[in-house]
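K.L.:
Following this line is my_file19.txt, made up of compact mmCIF, C-alpha atoms:
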# COMPACT_ATOMS: atom_id res chain seq x y z
CA MET H 1 99.43 116.77 101.34
CA THR H 2 102.18 119.29 102.11
CA SER H 3 101.96 122.45 100.00
CA ASN H 4 104.95 124.22 98.50
CA PHE H 5 104.32 127.10 100.88
CA ASP H 6 104.41 124.74 103.86
CA ALA H 7 107.75 123.48 102.62
CA ALA H 8 108.97 127.06 102.29
CA LEU H 9 107.95 127.78 105.87
CA THR H 10 109.90 124.73 107.03
CA SER H 11 113.03 125.54 105.11
CA ALA H 12 112.88 129.34 105.61
CA PRO H 13 115.05 130.12 102.57
CA ALA H 14 117.69 132.81 102.83
CA PRO H 15 117.36 135.95 100.69
CA LEU H 16 118.56 135.48 97.13
CA GLU H 17 121.43 137.46 95.64
CA ARG H 18 120.27 140.83 94.29
CA SER H 19 121.56 144.28 93.50
CA PRO H 20 118.62 146.73 93.68
CA ALA H 21 116.67 147.35 96.87
CA ARG H 22 113.28 145.68 96.55
CA VAL H 23 110.12 146.28 98.53
CA PHE H 24 107.39 143.64 98.36
CA VAL H 25 103.97 145.36 98.49
CA LEU H 26 100.93 143.22 99.20
CA GLY H 27 97.83 145.33 98.63
CA ASP H 28 94.52 146.09 96.99
CA SER H 29 93.54 148.36 94.09
CA LEU H 30 94.67 151.48 95.95
CA THR H 31 98.18 150.45 94.93
CA TYR H 32 97.53 150.71 91.18
CA HIS H 33 94.36 152.78 90.68
CA GLY H 34 94.58 156.49 90.03
CA PRO H 35 92.08 159.36 89.85
CA ASP H 36 90.74 158.24 86.47
CA GLN H 37 91.33 154.52 86.06
CA ALA H 38 93.47 151.53 86.91
CA GLU H 39 97.05 152.13 85.76
CA ARG H 40 99.99 149.88 84.94
CA PRO H 41 101.78 149.02 88.20
CA SER H 42 104.95 150.54 86.74
CA ASP H 43 103.35 154.00 86.44
CA PRO H 44 105.72 156.34 88.33
CA ARG H 45 102.79 158.33 89.78
CA LEU H 46 101.48 155.40 91.83
CA TRP H 47 102.50 155.34 95.48
CA PRO H 48 104.58 152.11 95.34
CA GLN H 49 106.65 153.69 92.55
CA VAL H 50 106.87 157.01 94.41
CA MET H 51 108.08 155.02 97.43
CA ALA H 52 110.79 153.32 95.36
CA SER H 53 111.88 156.64 93.88
CA GLU H 54 112.08 158.23 97.33
CA LEU H 55 114.17 155.33 98.65
CA ALA H 56 116.50 155.62 95.67
CA SER H 57 116.97 159.36 96.04
CA THR H 58 117.56 159.08 99.79
CA THR H 59 119.99 156.15 99.75
CA GLY H 60 121.67 156.74 96.40
CA THR H 61 120.90 153.20 95.25
CA HIS H 62 118.50 151.76 92.71
CA SER H 63 115.19 150.72 94.30
CA ARG H 64 112.07 149.03 93.02
CA SER H 65 108.69 147.82 94.25
CA ASP H 66 107.31 144.34 93.58
CA LEU H 67 103.53 144.40 93.71
CA ALA H 68 100.97 141.68 94.36
CA ALA H 69 97.49 143.23 94.44
CA GLY H 70 93.98 142.88 93.12
CA LEU H 71 90.70 144.75 92.82
CA GLY H 72 88.66 144.34 95.98
CA TRP H 73 91.32 142.35 97.81
CA THR H 74 90.76 141.94 101.52
CA ALA H 75 93.24 140.65 104.08
CA ARG H 76 91.94 137.18 103.26
CA ASP H 77 92.82 137.61 99.58
CA GLY H 78 96.26 138.82 100.59
CA TRP H 79 96.80 135.71 102.68
CA TRP H 80 95.65 133.51 99.82
CA ALA H 81 98.05 135.29 97.44
CA LEU H 82 100.97 134.94 99.83
CA THR H 83 100.38 131.22 100.38
CA LYS H 84 98.98 130.08 97.03
CA ASP H 85 100.82 132.19 94.47
CA PRO H 86 104.35 130.79 94.05
CA ARG H 87 105.51 134.12 92.70
CA CYS H 88 104.72 135.71 96.10
CA TRP H 89 106.22 133.16 98.49
CA GLY H 90 108.82 131.74 96.14
CA GLU H 91 110.19 134.77 94.30
CA LEU H 92 109.13 138.14 95.71
CA LEU H 93 109.36 137.53 99.44
CA PRO H 94 112.77 135.78 99.41
CA VAL H 95 114.43 138.71 97.58
CA ALA H 96 112.62 141.53 99.38
CA ASP H 97 114.48 144.07 101.50
CA ALA H 98 111.23 145.19 103.13
CA VAL H 99 107.54 144.24 103.12
CA VAL H 100 104.56 146.61 103.07
CA VAL H 101 101.10 145.18 103.79
CA ALA H 102 98.51 147.56 102.35
CA LEU H 103 95.29 145.65 103.04
CA GLY H 104 92.17 146.28 105.10
CA GLY H 105 90.64 149.11 103.11
CA MET H 106 88.19 146.81 101.37
CA ASP H 107 87.49 144.86 104.55
CA GLN H 108 86.04 147.92 106.31
CA LEU H 109 83.57 148.87 103.57
CA PRO H 110 79.88 148.35 104.31
CA ALA H 111 78.13 145.40 102.69
CA ALA H 112 74.55 144.91 101.57
CA ILE H 113 74.81 141.13 101.44
CA PRO H 114 77.45 138.65 102.63
CA THR H 115 80.63 138.94 100.57
CA TYR H 116 80.48 135.36 99.32
CA LEU H 117 77.11 136.13 97.69
CA ARG H 118 78.41 139.31 96.05
CA GLU H 119 81.46 137.51 94.69
CA GLY H 120 79.21 134.70 93.48
CA ILE H 121 77.52 137.08 91.02
CA ALA H 122 80.52 136.61 88.71
CA VAL H 123 79.68 132.94 88.19
CA VAL H 124 75.92 133.28 87.62
CA ARG H 125 74.88 131.71 84.32
CA PRO H 126 73.69 132.40 81.69
CA GLY H 127 75.35 135.73 80.96
CA GLY H 128 72.08 137.61 80.52
CA LEU H 129 70.91 136.62 83.98
CA ARG H 130 74.30 137.55 85.45
CA ARG H 131 74.04 141.05 84.00
CA VAL H 132 70.55 141.48 85.41
CA VAL H 133 71.67 140.32 88.84
CA ARG H 134 74.70 142.63 88.76
CA ARG H 135 72.60 145.66 87.76
CA THR H 136 70.07 144.86 90.46
CA TYR H 137 72.81 144.55 93.08
CA ARG H 138 74.43 147.84 92.08
CA THR H 139 71.07 149.61 92.28
CA CYS H 140 69.94 148.13 95.58
CA ALA H 141 73.20 147.88 97.51
CA PRO H 142 73.78 151.57 98.40
CA PRO H 143 70.27 152.11 99.85
CA ILE H 144 70.58 148.89 101.86
CA MET H 145 73.97 149.98 103.21
CA ARG H 146 72.55 153.36 104.14
CA LEU H 147 69.53 151.79 105.81
CA THR H 148 71.60 149.35 107.86
CA GLY H 149 74.19 151.97 108.77
CA GLY H 150 77.08 149.80 107.62
CA ARG H 151 76.68 147.21 110.35
CA LEU H 152 77.65 144.45 107.90
CA ARG H 153 81.26 144.69 106.66
CA GLN H 154 82.83 143.18 103.56
CA LEU H 155 84.99 141.15 105.94
CA PRO H 156 84.35 140.97 109.70
CA GLN H 157 86.96 142.71 111.83
CA ALA H 158 87.88 139.48 113.61
CA ALA H 159 88.60 137.85 110.23
CA THR H 160 90.65 140.84 109.09
CA ASP H 161 92.76 140.65 112.24
CA ARG H 162 93.19 136.91 111.87
CA TYR H 163 94.37 137.05 108.26
CA LEU H 164 96.68 140.00 108.89
CA THR H 165 98.22 138.05 111.75
CA ARG H 166 98.74 135.06 109.48
CA ILE H 167 100.45 137.24 106.88
CA VAL H 168 102.74 138.86 109.43
CA THR H 169 103.56 135.52 111.07
CA ALA H 170 104.46 133.95 107.72
CA VAL H 171 106.70 136.88 106.79
CA ARG H 172 108.44 136.74 110.16
CA ILE H 173 109.05 133.01 109.84
CA LEU H 174 110.44 133.21 106.33
CA ARG H 175 112.28 136.52 106.80
CA PRO H 176 112.64 137.16 110.55
CA ASP H 177 114.81 140.29 110.26
CA ILE H 178 113.05 142.07 107.41
CA PRO H 179 111.48 145.51 107.98
CA LEU H 180 107.69 145.14 107.95
CA LEU H 181 105.17 147.98 107.65
CA VAL H 182 101.36 147.78 107.67
CA LEU H 183 99.09 150.56 106.38
CA SER H 184 95.84 151.40 108.16
CA PRO H 185 92.48 151.23 106.33
CA ALA H 186 92.08 154.42 104.32
CA PRO H 187 89.18 156.86 104.68
CA PHE H 188 86.65 157.14 101.86
CA ARG H 189 83.59 159.14 100.77
CA SER H 190 81.71 157.19 98.13
CA ARG H 191 78.20 157.05 96.73
CA TYR H 192 78.73 153.33 96.18
CA TYR H 193 79.40 152.85 99.90
CA PRO H 194 77.25 155.66 101.33
CA THR H 195 78.09 155.18 104.99
CA ALA H 196 81.54 155.44 106.53
CA ALA H 197 80.38 154.64 110.05
CA GLY H 198 82.69 151.65 110.16
CA HIS H 199 85.87 153.52 109.31
CA GLU H 200 86.83 154.87 112.73
CA PRO H 201 86.15 151.52 114.45
CA ALA H 202 88.25 149.80 111.77
CA ARG H 203 91.02 152.34 112.22
CA ALA H 204 90.99 151.87 116.00
CA ALA H 205 90.93 148.09 115.65
CA CYS H 206 93.93 148.27 113.33
CA ARG H 207 95.88 150.28 115.89
CA GLU H 208 95.03 147.76 118.60
CA TRP H 209 96.00 144.87 116.34
CA ALA H 210 99.34 146.52 115.48
CA GLU H 211 100.16 147.09 119.14
CA ARG H 212 99.21 143.53 120.02
CA GLU H 213 101.27 142.03 117.20
CA ARG H 214 104.11 144.56 117.60
CA VAL H 215 103.85 145.68 113.99
CA GLU H 216 104.86 149.11 112.71
CA LEU H 217 101.74 150.94 111.49
CA LEU H 218 101.35 153.93 109.17
CA ASP H 219 98.07 155.81 109.66
CA LEU H 220 96.68 156.83 106.25
CA ASP H 221 93.97 159.23 107.43
CA PRO H 222 96.17 162.36 107.58
CA LEU H 223 97.55 161.55 104.13
CA VAL H 224 94.30 160.67 102.34
CA TRP H 225 91.73 163.12 103.72
CA PRO H 226 93.27 166.25 102.09
CA GLY H 227 92.75 164.80 98.61
CA ILE H 228 89.18 163.76 99.38
CA ARG H 229 88.31 167.20 100.74
CA ALA H 230 90.04 168.98 97.86
CA GLY H 231 88.15 166.95 95.27
CA THR H 232 91.28 165.52 93.63
CA ALA H 233 90.37 161.91 94.40
CA ASN H 234 88.75 159.52 91.96
CA PRO H 235 85.03 160.32 91.47
CA ASP H 236 84.23 156.90 92.94
CA GLY H 237 85.29 158.29 96.33
CA LEU H 238 87.49 155.27 97.01
CA HIS H 239 90.63 155.62 94.94
CA TRP H 240 93.18 158.39 95.22
CA GLY H 241 94.40 161.35 93.24
CA TRP H 242 98.03 161.77 92.31
CA ASP H 243 98.68 164.15 95.17
CA THR H 244 97.60 161.46 97.63
CA HIS H 245 99.66 158.79 95.89
CA ARG H 246 102.67 161.07 96.18
CA ALA H 247 102.06 161.78 99.87
CA VAL H 248 101.55 158.11 100.73
CA GLY H 249 104.59 156.97 98.75
CA GLN H 250 106.81 159.52 100.44
CA ALA H 251 105.49 158.63 103.89
CA VAL H 252 105.96 154.90 103.33
CA ALA H 253 109.54 155.43 102.16
CA GLN H 254 110.37 157.61 105.16
CA ARG H 255 108.91 155.07 107.57
CA LEU H 256 110.76 152.17 105.95
CA LEU H 257 114.03 154.00 106.33
CA THR H 258 113.41 154.38 110.06
CA LEU H 259 112.79 150.62 110.28
CA ALA H 260 116.08 149.66 108.65
CA PRO H 261 117.88 147.84 111.50
CA THR H 262 121.40 148.69 110.30
CA GLY H 263 120.82 152.12 108.83
CA PRO H 264 119.31 153.33 105.55
CA ALA H 265 122.42 153.23 103.38
CA GLU H 266 123.38 149.72 104.40
CA GLU H 267 119.89 148.22 104.48
CA PHE H 268 118.73 149.45 101.07
CA GLN H 269 121.56 148.48 98.76
Please express what this file holds, its structure, as structure tokens.
P.N.:
Amino acid sequence: MTSNFDAALTSAPAPLERSPARVFVLGDSLTYHGPDQAERPSDPRLWPQVMASELASTTGTHSRSDLAAGLGWTARDGWWALTKDPRCWGELLPVADAVVVALGGMDQLPAAIPTYLREGIAVVRPGGLRRVVRRTYRTCAPPIMRLTGGRLRQLPQAATDRYLTRIVTAVRILRPDIPLLVLSPAPFRSRYYPTAAGHEPARAACREWAERERVELLDLDPLVWPGIRAGTANPDGLHWGWDTHRAVGQAVAQRLLTLAPTGPAEEFQ
């Protein structure tokens, strides 16, 4: 059976009529989680909104971000959203003036058990047993990660590369001339994921992947580490403070403007 997304790939629809500049952001919870809690995606302090504000102030036109993201999303979840959610492939991508792929941060995190088992905790029944299993996992996972040195990832690097390539390929087929930016996996310092041994290999692998696929890459390390070291990040050690959101949003906007093939003022209008 041919899916709607397959049909969209075949027809490669042209961008729809629009007035504001729109950036389609495909990401994880770093796009909508602040230093205290998850926030509404429209919160102006979040980096996608900072990005839109920076684009607007630079180009003199109204700009907005369209977000598709979820807690714990990996590159695989992003691919599923792009291909299975009709709002992504049918509404957001066709009207986008640029695409930002902000995935891979969850992929790099150490795992205590295979990801499919961890995600399966949510469907354990009855509810009392599920709560016991979840508490047991949360207690045991950090020591196991520390003991194994993070050798097991939430998503293997080869799978991350494969799903990122699928996302980029789909975007290029549907919108061959659109500016496309990918963000590197962000650094972290978390008691829930007590080893960051996999971060530098994941960062290097992302650079190699970007070079191989000829994708523009923004390295998050210089933007995220200051907030972690200053103690302004979320106490979970994963999500960012408002200073980091501001820095990332500004950097993404600046990079997108350099990618505009016909100049900032003409591209974002």
K.L.:
So which one's closest to Leu164 of chain H, H:Ala202, H:Ile113, H:Leu67, H:Ala210? Using all atoms listed in the file, please.
P.N.:
H:Ala210
K.L.:
State, in Å with one decimal place, the distance from atom CA of Gly120 of chain H to atom CA of Lys84 of chain H.
P.N.:
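Result for atom CA of Gly120 of chain H versus atom CA of Lys84 of chain H: 20.6 Å, one decimal.
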K.L.:
As an exercise, work out the distance from atom CA of Arg255 of chain H to atom CA of Trp47 of chain H in Å and give it to one decimal place.
P.N.:
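These two atoms are separated by 13.7 Å.
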K.L.:
Quick one: residues within 8 Å of (92.2, 153.0, 111.7) (file frame), counting all atoms listed in the file, please, as a list in words.
P.N.:
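Every polymer residue passing the test: Ser184, Pro185, Ala186, His199, Glu200, Pro201, Ala202, Arg203, Ala204, Ala205, Cys206, Arg207, Asp219 and Asp221 of chain H.
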K.L.:
Please, what distance in Å, to one decimal, runs between atom CA of Pro114 of chain H and atom CA of Ile144 of chain H?
P.N.:
12.4 Å
K.L.:
Kindly indicate which residue among H:Gly104, H:Gly128, H:Pro142, H:Gly237 lies nearest to Tyr163 of chain H, using all atoms listed in the file for the distances.
P.N.:
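Closest residue, counting all atoms listed in the file: H:Gly104.
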K.L.:
Would you mind listing what lies within 7 Å of Val182 of chain H as a list in words, with only C-alpha atoms counted and same-chain residues fewer than 2 positions away left out?
P.N.:
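Here the qualifying residues turn out to be Val100, Val101, Ala102, Leu180, Ser184, Glu216, Leu217 and Leu218 of chain H.
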K.L.:
Let's have the selection written as a PDB file, keeping the file's coordinate frame, with C-alpha atoms.
P.N.:
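The file below, result.pdb, is the result:
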ATOM      1  CA  VAL H 100     104.560 146.610 103.070  1.00  0.00           C
ATOM      2  CA  VAL H 101     101.100 145.180 103.790  1.00  0.00           C
ATOM      3  CA  ALA H 102      98.510 147.560 102.350  1.00  0.00           C
ATOM      4  CA  LEU H 180     107.690 145.140 107.950  1.00  0.00           C
ATOM      5  CA  SER H 184      95.840 151.400 108.160  1.00  0.00           C
ATOM      6  CA  GLU H 216     104.860 149.110 112.710  1.00  0.00           C
ATOM      7  CA  LEU H 217     101.740 150.940 111.490  1.00  0.00           C
ATOM      8  CA  LEU H 218     101.350 153.930 109.170  1.00  0.00           C
TER       9      LEU H 218
END
K.L.:
Given the choices H:Pro176, H:Val132, H:Ala253, H:Asp161, which gets closest to Ser57 of chain H if the distance is worked out from all atoms listed in the file?
P.N.:
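Distance minimum relative to Ser57 of chain H lands on H:Ala253.
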K.L.:
Calculated over all atoms listed in the file, which of the candidates H:Leu26, H:Leu109, H:Ile178, H:Val133 has the smallest distance to Ala69 of chain H?
P.N.:
H:Leu26
K.L.:
Rank nothing, just name the residue among H:Asp36, H:Thr148, H:Ala68, H:Pro126 nearest to Pro86 of chain H, using only C-alpha atoms.
P.N.:
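Going through H:Asp36, H:Thr148, H:Ala68, H:Pro126 one by one, the smallest distance to Pro86 of chain H is for H:Ala68.
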K.L.:
What's the 10 Å shell around Asp77 of chain H, counting all atoms listed in the file, without same-chain residues fewer than 5 positions away, as a list in words?
P.N.:
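Near Asp77 of chain H, the qualifying residues are Leu26, Gly27, Asp28, Ala69, Gly70, Gly72, Leu82, Thr83, Leu103 and Tyr163 of chain H.
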